[in-house]
file structure.txt (compact mmCIF, C-alpha atoms and all ligand atoms)
# COMPACT_ATOMS: atom_id res chain seq x y z
CA MET A 176 -98.34 165.49 115.68
CA TRP A 177 -98.97 162.42 117.75
CA ILE A 178 -97.92 158.83 117.09
CA TYR A 179 -100.21 156.19 118.60
CA GLU A 180 -98.53 153.57 120.74
CA LYS A 181 -100.66 150.42 120.91
CA LYS A 182 -100.53 150.00 124.68
CA LEU A 183 -101.83 151.60 127.87
CA GLN A 184 -99.53 153.71 130.04
CA TYR A 185 -100.47 151.46 132.99
CA PRO A 186 -102.04 147.99 132.80
CA VAL A 187 -105.79 147.88 133.50
CA LYS A 188 -107.38 144.79 135.03
CA VAL A 189 -110.82 144.59 136.61
CA SER A 190 -112.15 141.81 138.86
CA GLY A 191 -115.44 141.66 136.92
CA LYS A 192 -118.28 143.75 135.55
CA ASN A 193 -119.33 146.58 137.84
CA PRO A 194 -121.54 149.16 136.09
CA ARG A 195 -122.16 151.08 139.32
CA LEU A 196 -118.45 151.78 139.76
CA ALA A 197 -118.17 152.65 136.04
CA LYS A 198 -120.92 155.25 136.41
CA TRP A 199 -118.84 157.08 139.03
CA ILE A 200 -115.46 156.64 137.33
CA ILE A 201 -116.76 158.08 134.05
CA THR A 202 -116.51 161.53 135.61
CA GLN A 203 -112.74 161.30 135.09
CA TYR A 204 -113.51 160.70 131.39
CA GLY A 205 -115.80 163.68 130.72
CA GLY A 206 -116.41 165.44 134.03
CA PRO A 207 -115.28 168.89 135.25
CA ASP A 208 -111.95 167.63 136.67
CA GLY A 209 -111.48 164.75 134.25
CA GLU A 210 -108.74 163.75 131.85
CA LEU A 211 -110.38 165.12 128.68
CA GLY A 212 -110.53 168.60 130.17
CA ALA A 213 -106.99 168.26 131.51
CA SER A 214 -105.42 167.30 128.19
CA LEU A 215 -107.39 169.87 126.18
CA ARG A 216 -106.61 172.61 128.70
CA TYR A 217 -102.82 172.07 128.65
CA LEU A 218 -102.46 171.36 124.94
CA ASN A 219 -104.40 174.54 124.21
CA GLN A 220 -102.54 176.77 126.68
CA ARG A 221 -99.11 175.73 125.40
CA TYR A 222 -99.19 178.03 122.33
CA THR A 223 -98.96 181.25 124.33
CA MET A 224 -96.54 180.14 127.05
CA PRO A 225 -93.55 182.52 127.27
CA THR A 226 -90.64 180.19 128.13
CA GLU A 227 -89.01 177.00 126.87
CA ARG A 228 -89.81 175.22 130.12
CA THR A 229 -93.50 176.08 130.18
CA ARG A 230 -94.09 175.22 126.52
CA ALA A 231 -92.38 171.85 126.97
CA LEU A 232 -94.17 171.04 130.21
CA LEU A 233 -97.68 171.86 128.93
CA ASN A 234 -97.03 169.88 125.75
CA ASP A 235 -95.77 166.83 127.65
CA ILE A 236 -98.26 166.79 130.53
CA GLY A 237 -101.09 167.44 128.03
CA THR A 238 -99.92 164.37 126.14
CA GLU A 239 -99.73 162.23 129.29
CA GLU A 240 -103.32 163.25 130.14
CA LEU A 241 -104.43 161.73 126.81
CA ALA A 242 -102.89 158.46 127.98
CA HIS A 243 -104.87 158.81 131.23
CA LEU A 244 -108.06 159.42 129.26
CA GLU A 245 -107.44 156.08 127.55
CA ILE A 246 -106.88 154.33 130.90
CA VAL A 247 -110.15 155.73 132.31
CA GLY A 248 -111.98 154.80 129.09
CA THR A 249 -110.63 151.26 129.33
CA LEU A 250 -111.80 151.00 132.96
CA VAL A 251 -115.32 152.12 132.05
CA TYR A 252 -115.44 149.84 129.00
CA LYS A 253 -114.29 146.76 130.92
CA LEU A 254 -116.63 147.42 133.84
CA THR A 255 -119.72 147.76 131.63
CA LYS A 256 -119.27 145.61 128.51
CA ASP A 257 -120.86 142.43 129.91
CA ALA A 258 -123.45 144.06 132.16
CA THR A 259 -127.03 142.85 131.65
CA ILE A 260 -129.99 145.22 131.34
CA GLU A 261 -131.05 144.28 134.87
CA GLU A 262 -127.58 145.11 136.20
CA ILE A 263 -127.56 148.40 134.29
CA LYS A 264 -130.91 149.33 135.80
CA ALA A 265 -129.78 148.34 139.29
CA ALA A 266 -126.65 150.49 138.85
CA GLU A 267 -128.79 153.51 137.90
CA MET A 268 -127.11 153.49 134.51
CA ALA A 269 -130.39 153.17 132.59
CA GLY A 270 -130.31 156.86 131.63
CA HIS A 271 -126.89 156.40 130.07
CA TYR A 272 -128.10 153.21 128.37
CA ALA A 273 -131.07 155.04 126.83
CA ASP A 274 -128.78 157.59 125.22
CA HIS A 275 -125.64 155.56 124.48
CA ASP A 276 -126.20 151.83 125.14
CA ARG A 277 -122.81 150.67 126.52
CA ALA A 278 -120.86 153.19 124.45
CA LEU A 279 -118.62 155.62 126.29
CA PHE A 280 -119.50 159.29 126.35
CA TYR A 281 -117.90 162.42 127.77
CA VAL A 282 -120.12 162.92 130.80
CA ASP A 283 -119.70 163.36 134.54
CA ALA A 284 -121.01 160.95 137.20
CA THR A 285 -124.54 162.36 136.93
CA GLY A 286 -124.65 162.45 133.13
CA ASN A 287 -123.84 166.10 132.38
CA PRO A 288 -121.96 166.39 129.07
CA TRP A 289 -118.41 167.77 128.91
CA THR A 290 -118.19 171.47 128.12
CA ALA A 291 -115.33 173.80 127.19
CA ALA A 292 -116.64 176.01 130.01
CA TYR A 293 -114.73 173.65 132.35
CA ILE A 294 -111.42 175.05 131.08
CA GLN A 295 -109.83 178.40 130.39
CA ALA A 296 -106.89 179.95 128.57
CA LYS A 297 -106.30 183.45 129.88
CA GLY A 298 -103.22 184.27 127.84
CA ASP A 299 -101.56 185.26 131.12
CA PRO A 300 -99.02 182.55 132.01
CA ILE A 301 -99.33 183.07 135.79
CA ALA A 302 -103.13 182.81 135.67
CA ASP A 303 -102.97 179.77 133.39
CA LEU A 304 -100.39 177.90 135.49
CA VAL A 305 -102.29 178.62 138.72
CA GLU A 306 -105.42 177.20 137.04
CA ASP A 307 -103.40 174.14 136.03
CA MET A 308 -102.20 173.58 139.59
CA ALA A 309 -105.76 173.84 140.90
CA ALA A 310 -106.92 171.43 138.20
CA GLU A 311 -104.34 168.85 139.31
CA GLU A 312 -105.46 169.14 142.93
CA LYS A 313 -109.12 168.76 141.95
CA ALA A 314 -108.28 165.69 139.86
CA ARG A 315 -106.29 164.26 142.78
CA ALA A 316 -109.25 164.81 145.12
CA THR A 317 -111.63 163.17 142.62
CA TYR A 318 -109.41 160.07 142.47
CA ASN A 319 -109.42 160.07 146.27
CA TRP A 320 -113.22 160.04 146.39
CA LEU A 321 -113.32 157.34 143.69
CA ILE A 322 -110.87 155.21 145.69
CA ASN A 323 -113.21 155.60 148.70
CA LEU A 324 -116.11 154.39 146.53
CA SER A 325 -114.28 151.50 144.84
CA ASP A 326 -115.09 147.93 145.87
CA ASP A 327 -112.71 146.37 143.31
CA PRO A 328 -109.02 146.16 144.39
CA CYS A 329 -107.83 145.90 140.76
CA VAL A 330 -109.63 149.15 139.91
CA THR A 331 -108.37 150.81 143.10
CA ASP A 332 -104.80 150.01 142.03
CA VAL A 333 -105.29 151.85 138.72
CA LEU A 334 -107.00 154.79 140.48
CA ARG A 335 -104.02 155.04 142.86
CA PHE A 336 -101.61 155.22 139.93
CA LEU A 337 -103.67 158.01 138.36
CA ARG A 338 -103.90 159.90 141.69
CA GLU A 339 -100.11 159.77 142.04
CA ARG A 340 -99.66 161.26 138.57
CA GLU A 341 -101.73 164.31 139.58
CA VAL A 342 -99.37 164.85 142.54
CA VAL A 343 -96.35 164.80 140.20
CA HIS A 344 -98.03 167.14 137.70
CA PHE A 345 -98.89 169.59 140.51
CA GLN A 346 -95.23 169.60 141.58
CA ARG A 347 -93.95 170.22 138.03
CA PHE A 348 -96.49 173.01 137.40
CA GLY A 349 -95.38 174.63 140.67
CA GLU A 350 -91.77 174.62 139.49
CA ALA A 351 -92.83 176.09 136.14
CA LEU A 352 -94.82 178.81 137.94
CA ASN A 353 -91.80 179.85 140.06
CA HIS A 354 -89.66 179.98 136.96
CA VAL A 355 -92.16 182.10 135.02
CA GLN A 356 -92.51 184.50 137.94
CA GLU A 357 -88.72 185.02 137.92
CA TYR A 358 -88.82 185.48 134.16
CA MET A 359 -91.60 188.11 134.38
CA LYS A 360 -89.69 190.03 137.10
CA GLU A 361 -86.56 190.15 134.94
CA LYS A 362 -88.58 191.30 131.95
CA LYS A 363 -89.83 194.27 133.96
CA PHE A 364 -86.30 195.43 134.83
CA PHE A 365 -84.59 195.04 131.47
CA MET B 1038 -109.96 139.70 115.01
CA ALA B 1039 -108.57 139.87 118.51
CA VAL B 1040 -105.45 137.77 118.80
CA ASP B 1041 -104.53 136.48 122.26
CA MET B 1042 -101.20 137.72 123.54
CA THR B 1043 -98.62 135.14 124.54
CA LYS B 1044 -97.12 135.30 128.03
CA GLU B 1045 -93.83 136.41 126.50
CA CYS B 1046 -95.52 139.34 124.76
CA MET B 1047 -97.40 140.34 127.91
CA ASP B 1048 -94.12 140.32 129.86
CA LEU B 1049 -92.40 142.36 127.18
CA LEU B 1050 -95.28 144.83 127.13
CA ARG B 1051 -95.05 145.18 130.90
CA ARG B 1052 -91.33 145.95 130.64
CA ILE B 1053 -92.02 148.56 127.94
CA GLN B 1054 -94.61 150.15 130.23
CA GLU B 1055 -92.12 150.27 133.10
CA MET B 1056 -89.24 151.64 131.04
CA GLU B 1057 -91.43 154.20 129.31
CA PHE B 1058 -92.68 155.33 132.70
CA VAL B 1059 -89.07 155.95 133.78
CA ALA B 1060 -88.46 157.92 130.57
CA LEU B 1061 -91.69 159.92 130.96
CA GLU B 1062 -90.90 160.86 134.57
CA LEU B 1063 -87.41 162.01 133.57
CA ASN B 1064 -88.89 163.88 130.60
CA LEU B 1065 -91.24 165.93 132.80
CA TYR B 1066 -88.48 166.48 135.36
CA LEU B 1067 -86.11 167.72 132.64
CA ASP B 1068 -88.77 170.11 131.35
CA THR B 1069 -88.34 172.08 134.59
CA HIS B 1070 -84.70 171.09 135.36
CA PRO B 1071 -83.13 171.26 131.87
CA ASN B 1072 -79.52 171.41 133.12
CA ASP B 1073 -79.49 168.39 135.41
CA THR B 1074 -76.69 166.33 133.84
CA ARG B 1075 -77.48 163.15 135.80
CA ALA B 1076 -81.10 163.24 134.71
CA LEU B 1077 -79.99 163.84 131.11
CA GLU B 1078 -77.79 160.74 131.26
CA ASP B 1079 -80.54 158.66 132.86
CA TYR B 1080 -82.96 159.83 130.18
CA ASN B 1081 -80.67 158.73 127.36
CA ARG B 1082 -80.10 155.37 129.03
CA ALA B 1083 -83.86 154.83 129.36
CA ALA B 1084 -84.40 155.89 125.73
CA LYS B 1085 -81.84 153.34 124.53
CA GLU B 1086 -83.34 150.51 126.55
CA LEU B 1087 -86.84 151.44 125.45
CA LYS B 1088 -85.79 151.36 121.81
CA GLU B 1089 -84.38 147.84 122.21
CA LEU B 1090 -87.50 146.61 124.01
CA ARG B 1091 -89.77 148.07 121.32
CA GLU B 1092 -87.73 146.40 118.56
CA ARG B 1093 -88.06 143.03 120.31
CA TYR B 1094 -91.79 143.58 120.74
CA ASP B 1095 -92.25 144.55 117.07
CA GLU B 1096 -90.47 141.41 115.99
CA LEU B 1097 -92.20 139.01 118.38
CA CYS B 1098 -95.66 140.46 119.02
CA GLY B 1099 -96.51 142.84 116.18
CA PRO B 1100 -96.13 146.56 115.56
CA ILE B 1101 -96.44 148.76 118.65
CA LEU B 1102 -96.24 152.12 116.81
CA SER B 1103 -98.26 153.33 113.81
CA TYR B 1104 -97.49 155.65 110.87
CA GLY B 1105 -94.29 153.91 109.84
CA HIS B 1106 -92.54 153.85 113.22
CA SER B 1107 -92.86 150.05 113.43
CA ARG B 1108 -92.33 147.62 110.55
CA ASN B 1109 -95.10 145.20 109.56
CA ARG B 1110 -93.40 141.79 109.77
CA GLY B 1111 -96.03 139.62 108.06
CA ASN B 1112 -98.04 139.09 104.88
CA THR B 1113 -101.13 140.75 106.36
CA TRP B 1114 -101.75 144.07 108.15
CA LEU B 1115 -100.72 143.14 111.70
CA TRP B 1116 -101.45 146.62 113.06
CA ALA B 1117 -105.20 145.93 112.84
CA GLU B 1118 -104.99 142.27 113.85
CA THR B 1119 -103.22 142.50 117.21
CA PRO B 1120 -105.42 143.32 120.22
CA TRP B 1121 -106.21 146.91 121.23
CA PRO B 1122 -105.33 148.00 124.75
CA TRP B 1123 -108.94 147.79 125.96
CA GLU B 1124 -109.21 144.21 124.62
CA MET B 1125 -106.18 142.91 126.51
FE FE A 1201 -102.66 165.48 135.57
call {"tool": "encode", "arguments": {"input": "structure.txt", "output": "structure tokens", "more": "lines below"}}
Ligand SMILES: [Fe+2]
result
Amino acid sequence: MWIYEKKLQYPVKVSGKNPRLAKWIITQYGGPDGELGASLRYLNQRYTMPTERTRALLNDIGTEELAHLEIVGTLVYKLTKDATIEEIKAAEMAGHYADHDRALFYVDATGNPWTAAYIQAKGDPIADLVEDMAAEEKARATYNWLINLSDDPCVTDVLRFLREREVVHFQRFGEALNHVQEYMKEKKFF
Amino acid sequence: MAVDMTKECMDLLRRIQEMEFVALELNLYLDTHPNDTRALEDYNRAAKELKELRERYDELCGPILSYGHSRNRGNTWLWAETPWPWEM
């Protein structure tokens, strides 16, 4: 089970409302390479992982991704909560407003809803871990593009933290992949 | 009701975030390096410090954990009264 800790993993400040930036950042909430997909992918794959190390790693990174989902949600919330209708229209967020007002929703930057088709569980630990490594690189690239788009230094600081976490996750998944490959080789011989 | 956090509580929260980050990094590292004795020691040291920081925070600023992992030190339900992360 999970115990809620009433805090963010990393502090989130914004310089002021900025619905345009929020509309792009929301892709890391419910987009193809976002934090919802990441956490659900890893927490779901962990059941059929063959080794202690891989079960632990998927459980723990999957849990950290939930904390990232909360950070991204907080960014979007803070950037939109005081936006006026005129500002929402100018930010091309009127479509989102029509469906959700200022509520958050699991969508990408152009409004497409999250789908389980973004993720996979093959039951083959090599295939799953290689998918996880690719997912981390795609998330890292997305944070890169968002940093390029950001005009708020406070937001950029949070995006940099999140980008760095993807680099660490990629590294750990790589180590887990090497270990599982050794394990599979041994299983063939004995 | 959203209660404003005092400077002391904000500082304490920041220290919890930093110490938990240390513990989390060591946790993921140990998942793939389970026999690294130095990392195991560092992890236990971080866990101990984190526990002390959380106890101070619970006492001074309100419960940080739900489901019975923090005590409610007041006559009302502080868990719902203290600000949520997106309100801070
Ligand atoms: Fe990640």
call {"tool": "closest_residue", "arguments": {"input": "structure.txt", "among": "A:Ala242, A:Val330, A:Ala269, A:Leu279", "to": "Lys256 in chain A", "atoms": "only C-alpha atoms"}}
result
A:Leu279
call {"tool": "residues_near_ligand", "arguments": {"input": "structure.txt", "ligand": "ligand FE 1201 (chain A)", "cutoff": "10 Å", "atoms": "only C-alpha atoms and all ligand atoms", "output": "PyMOL selection string"}}
result
chain A and resi 208-210+213-214+217+236-241+243+307-308+310-315+337-345+348
call {"tool": "closest_residue", "arguments": {"input": "structure.txt", "among": "A:Pro186, A:Pro207, A:Pro328, A:Gly286", "to": "chain B", "atoms": "all atoms listed in the file"}}
result
A:Pro186
call {"tool": "atom_distance", "arguments": {"input": "structure.txt", "atom1": "CA of Trp177 in chain A", "atom2": "CA of Ile301 in chain A"}}
result
27.4 Å
call {"tool": "closest_residue", "arguments": {"input": "structure.txt", "among": "A:Gly205, A:Gly248, A:Gly270, A:Pro288", "to": "chain B", "atoms": "all atoms listed in the file"}}
result
A:Gly248
call {"tool": "atom_distance", "arguments": {"input": "structure.txt", "atom1": "CA of Val187 in chain A", "atom2": "CA of Asp274 in chain A"}}
result
26.3 Å
call {"tool": "decode", "arguments": {"input": "structure.txt", "residues": "range 1078-1114 of chain B", "atoms": "N, CA, C and O atoms", "output": "PDB file, in the first residue's frame"}}
result
ATOM      1  N   GLU B1078      25.129   1.811   5.029  1.00  0.00           N
ATOM      2  CA  GLU B1078      25.338   2.654   6.223  1.00  0.00           C
ATOM      3  C   GLU B1078      24.762   4.046   6.020  1.00  0.00           C
ATOM      4  O   GLU B1078      24.081   4.584   6.898  1.00  0.00           O
ATOM      5  N   ASP B1079      25.051   4.628   4.851  1.00  0.00           N
ATOM      6  CA  ASP B1079      24.536   5.975   4.554  1.00  0.00           C
ATOM      7  C   ASP B1079      23.005   5.989   4.583  1.00  0.00           C
ATOM      8  O   ASP B1079      22.388   6.933   5.058  1.00  0.00           O
ATOM      9  N   TYR B1080      22.423   4.903   4.053  1.00  0.00           N
ATOM     10  CA  TYR B1080      20.962   4.830   4.019  1.00  0.00           C
ATOM     11  C   TYR B1080      20.389   4.840   5.437  1.00  0.00           C
ATOM     12  O   TYR B1080      19.435   5.569   5.736  1.00  0.00           O
ATOM     13  N   ASN B1081      20.973   4.050   6.306  1.00  0.00           N
ATOM     14  CA  ASN B1081      20.475   3.996   7.686  1.00  0.00           C
ATOM     15  C   ASN B1081      20.656   5.321   8.414  1.00  0.00           C
ATOM     16  O   ASN B1081      19.797   5.725   9.208  1.00  0.00           O
ATOM     17  N   ARG B1082      21.767   6.003   8.113  1.00  0.00           N
ATOM     18  CA  ARG B1082      21.993   7.311   8.731  1.00  0.00           C
ATOM     19  C   ARG B1082      20.920   8.307   8.254  1.00  0.00           C
ATOM     20  O   ARG B1082      20.346   9.041   9.056  1.00  0.00           O
ATOM     21  N   ALA B1083      20.641   8.288   6.957  1.00  0.00           N
ATOM     22  CA  ALA B1083      19.618   9.188   6.410  1.00  0.00           C
ATOM     23  C   ALA B1083      18.247   8.867   7.003  1.00  0.00           C
ATOM     24  O   ALA B1083      17.468   9.768   7.339  1.00  0.00           O
ATOM     25  N   ALA B1084      17.948   7.569   7.151  1.00  0.00           N
ATOM     26  CA  ALA B1084      16.649   7.152   7.686  1.00  0.00           C
ATOM     27  C   ALA B1084      16.464   7.670   9.108  1.00  0.00           C
ATOM     28  O   ALA B1084      15.383   8.136   9.489  1.00  0.00           O
ATOM     29  N   LYS B1085      17.546   7.608   9.887  1.00  0.00           N
ATOM     30  CA  LYS B1085      17.485   8.059  11.283  1.00  0.00           C
ATOM     31  C   LYS B1085      17.248   9.571  11.348  1.00  0.00           C
ATOM     32  O   LYS B1085      16.385  10.039  12.087  1.00  0.00           O
ATOM     33  N   GLU B1086      17.993  10.302  10.534  1.00  0.00           N
ATOM     34  CA  GLU B1086      17.839  11.759  10.537  1.00  0.00           C
ATOM     35  C   GLU B1086      16.449  12.178  10.063  1.00  0.00           C
ATOM     36  O   GLU B1086      15.842  13.095  10.606  1.00  0.00           O
ATOM     37  N   LEU B1087      15.973  11.465   9.049  1.00  0.00           N
ATOM     38  CA  LEU B1087      14.651  11.763   8.500  1.00  0.00           C
ATOM     39  C   LEU B1087      13.564  11.543   9.546  1.00  0.00           C
ATOM     40  O   LEU B1087      12.621  12.330   9.665  1.00  0.00           O
ATOM     41  N   LYS B1088      13.715  10.484  10.323  1.00  0.00           N
ATOM     42  CA  LYS B1088      12.743  10.167  11.362  1.00  0.00           C
ATOM     43  C   LYS B1088      12.688  11.297  12.395  1.00  0.00           C
ATOM     44  O   LYS B1088      11.604  11.727  12.812  1.00  0.00           O
ATOM     45  N   GLU B1089      13.869  11.792  12.778  1.00  0.00           N
ATOM     46  CA  GLU B1089      13.919  12.873  13.766  1.00  0.00           C
ATOM     47  C   GLU B1089      13.291  14.154  13.216  1.00  0.00           C
ATOM     48  O   GLU B1089      12.551  14.853  13.915  1.00  0.00           O
ATOM     49  N   LEU B1090      13.601  14.461  11.953  1.00  0.00           N
ATOM     50  CA  LEU B1090      13.034  15.662  11.329  1.00  0.00           C
ATOM     51  C   LEU B1090      11.514  15.574  11.243  1.00  0.00           C
ATOM     52  O   LEU B1090      10.799  16.538  11.515  1.00  0.00           O
ATOM     53  N   ARG B1091      11.005  14.393  10.875  1.00  0.00           N
ATOM     54  CA  ARG B1091       9.557  14.210  10.755  1.00  0.00           C
ATOM     55  C   ARG B1091       8.871  14.366  12.108  1.00  0.00           C
ATOM     56  O   ARG B1091       7.792  14.937  12.196  1.00  0.00           O
ATOM     57  N   GLU B1092       9.520  13.846  13.176  1.00  0.00           N
ATOM     58  CA  GLU B1092       8.929  13.972  14.505  1.00  0.00           C
ATOM     59  C   GLU B1092       8.827  15.439  14.922  1.00  0.00           C
ATOM     60  O   GLU B1092       7.816  15.867  15.480  1.00  0.00           O
ATOM     61  N   ARG B1093       9.904  16.207  14.630  1.00  0.00           N
ATOM     62  CA  ARG B1093       9.888  17.639  14.933  1.00  0.00           C
ATOM     63  C   ARG B1093       8.767  18.337  14.163  1.00  0.00           C
ATOM     64  O   ARG B1093       8.052  19.184  14.683  1.00  0.00           O
ATOM     65  N   TYR B1094       8.645  17.977  12.889  1.00  0.00           N
ATOM     66  CA  TYR B1094       7.633  18.592  12.031  1.00  0.00           C
ATOM     67  C   TYR B1094       6.221  18.271  12.549  1.00  0.00           C
ATOM     68  O   TYR B1094       5.372  19.155  12.653  1.00  0.00           O
ATOM     69  N   ASP B1095       5.989  17.013  12.891  1.00  0.00           N
ATOM     70  CA  ASP B1095       4.684  16.590  13.426  1.00  0.00           C
ATOM     71  C   ASP B1095       4.303  17.424  14.647  1.00  0.00           C
ATOM     72  O   ASP B1095       3.160  17.832  14.804  1.00  0.00           O
ATOM     73  N   GLU B1096       5.295  17.633  15.499  1.00  0.00           N
ATOM     74  CA  GLU B1096       5.055  18.327  16.756  1.00  0.00           C
ATOM     75  C   GLU B1096       4.763  19.809  16.525  1.00  0.00           C
ATOM     76  O   GLU B1096       3.867  20.395  17.124  1.00  0.00           O
ATOM     77  N   LEU B1097       5.542  20.410  15.616  1.00  0.00           N
ATOM     78  CA  LEU B1097       5.527  21.861  15.428  1.00  0.00           C
ATOM     79  C   LEU B1097       4.520  22.315  14.367  1.00  0.00           C
ATOM     80  O   LEU B1097       3.911  23.382  14.491  1.00  0.00           O
ATOM     81  N   CYS B1098       4.325  21.523  13.333  1.00  0.00           N
ATOM     82  CA  CYS B1098       3.641  22.012  12.126  1.00  0.00           C
ATOM     83  C   CYS B1098       2.411  21.195  11.757  1.00  0.00           C
ATOM     84  O   CYS B1098       1.680  21.563  10.849  1.00  0.00           O
ATOM     85  N   GLY B1099       2.199  20.068  12.431  1.00  0.00           N
ATOM     86  CA  GLY B1099       1.058  19.225  12.091  1.00  0.00           C
ATOM     87  C   GLY B1099       1.519  17.930  11.447  1.00  0.00           C
ATOM     88  O   GLY B1099       2.677  17.801  11.059  1.00  0.00           O
ATOM     89  N   PRO B1100       0.595  16.973  11.341  1.00  0.00           N
ATOM     90  CA  PRO B1100       0.968  15.638  10.853  1.00  0.00           C
ATOM     91  C   PRO B1100       1.439  15.675   9.399  1.00  0.00           C
ATOM     92  O   PRO B1100       0.808  16.301   8.558  1.00  0.00           O
ATOM     93  N   ILE B1101       2.549  14.989   9.121  1.00  0.00           N
ATOM     94  CA  ILE B1101       3.039  14.941   7.736  1.00  0.00           C
ATOM     95  C   ILE B1101       2.628  13.632   7.062  1.00  0.00           C
ATOM     96  O   ILE B1101       2.545  13.564   5.848  1.00  0.00           O
ATOM     97  N   LEU B1102       2.347  12.586   7.853  1.00  0.00           N
ATOM     98  CA  LEU B1102       1.930  11.299   7.291  1.00  0.00           C
ATOM     99  C   LEU B1102       0.507  10.967   7.728  1.00  0.00           C
ATOM    100  O   LEU B1102       0.074  11.353   8.819  1.00  0.00           O
ATOM    101  N   SER B1103      -0.217  10.243   6.868  1.00  0.00           N
ATOM    102  CA  SER B1103      -1.601   9.871   7.179  1.00  0.00           C
ATOM    103  C   SER B1103      -1.665   8.439   7.717  1.00  0.00           C
ATOM    104  O   SER B1103      -0.640   7.812   7.960  1.00  0.00           O
ATOM    105  N   TYR B1104      -2.863   7.941   7.894  1.00  0.00           N
ATOM    106  CA  TYR B1104      -3.133   6.539   8.257  1.00  0.00           C
ATOM    107  C   TYR B1104      -2.403   6.080   9.524  1.00  0.00           C
ATOM    108  O   TYR B1104      -1.919   4.940   9.594  1.00  0.00           O
ATOM    109  N   GLY B1105      -2.278   6.995  10.485  1.00  0.00           N
ATOM    110  CA  GLY B1105      -1.717   6.576  11.763  1.00  0.00           C
ATOM    111  C   GLY B1105      -0.208   6.655  11.883  1.00  0.00           C
ATOM    112  O   GLY B1105       0.344   6.299  12.919  1.00  0.00           O
ATOM    113  N   HIS B1106       0.469   7.138  10.836  1.00  0.00           N
ATOM    114  CA  HIS B1106       1.933   7.236  10.913  1.00  0.00           C
ATOM    115  C   HIS B1106       2.404   8.545  11.545  1.00  0.00           C
ATOM    116  O   HIS B1106       3.576   8.680  11.867  1.00  0.00           O
ATOM    117  N   SER B1107       1.491   9.521  11.682  1.00  0.00           N
ATOM    118  CA  SER B1107       1.774  10.724  12.463  1.00  0.00           C
ATOM    119  C   SER B1107       0.669  10.851  13.504  1.00  0.00           C
ATOM    120  O   SER B1107      -0.480  10.502  13.237  1.00  0.00           O
ATOM    121  N   ARG B1108       1.031  11.374  14.687  1.00  0.00           N
ATOM    122  CA  ARG B1108      -0.005  11.620  15.707  1.00  0.00           C
ATOM    123  C   ARG B1108      -0.713  12.936  15.426  1.00  0.00           C
ATOM    124  O   ARG B1108      -0.127  13.842  14.843  1.00  0.00           O
ATOM    125  N   ASN B1109      -1.971  13.049  15.837  1.00  0.00           N
ATOM    126  CA  ASN B1109      -2.694  14.316  15.731  1.00  0.00           C
ATOM    127  C   ASN B1109      -2.575  15.049  17.068  1.00  0.00           C
ATOM    128  O   ASN B1109      -3.218  14.674  18.048  1.00  0.00           O
ATOM    129  N   ARG B1110      -1.707  16.075  17.108  1.00  0.00           N
ATOM    130  CA  ARG B1110      -1.461  16.773  18.376  1.00  0.00           C
ATOM    131  C   ARG B1110      -2.345  18.017  18.465  1.00  0.00           C
ATOM    132  O   ARG B1110      -1.877  19.144  18.354  1.00  0.00           O
ATOM    133  N   GLY B1111      -3.648  17.831  18.658  1.00  0.00           N
ATOM    134  CA  GLY B1111      -4.565  18.951  18.788  1.00  0.00           C
ATOM    135  C   GLY B1111      -5.953  18.437  19.069  1.00  0.00           C
ATOM    136  O   GLY B1111      -6.190  17.226  19.045  1.00  0.00           O
ATOM    137  N   ASN B1112      -6.887  19.364  19.339  1.00  0.00           N
ATOM    138  CA  ASN B1112      -8.263  18.957  19.648  1.00  0.00           C
ATOM    139  C   ASN B1112      -9.119  18.854  18.396  1.00  0.00           C
ATOM    140  O   ASN B1112     -10.279  18.471  18.472  1.00  0.00           O
ATOM    141  N   THR B1113      -8.557  19.248  17.258  1.00  0.00           N
ATOM    142  CA  THR B1113      -9.286  19.112  15.987  1.00  0.00           C
ATOM    143  C   THR B1113      -8.421  18.302  15.031  1.00  0.00           C
ATOM    144  O   THR B1113      -7.266  18.003  15.311  1.00  0.00           O
ATOM    145  N   TRP B1114      -8.987  17.970  13.864  1.00  0.00           N
ATOM    146  CA  TRP B1114      -8.337  17.083  12.892  1.00  0.00           C
ATOM    147  C   TRP B1114      -7.357  17.876  12.029  1.00  0.00           C
ATOM    148  O   TRP B1114      -7.689  18.393  10.977  1.00  0.00           O
TER     149      TRP B1114
END
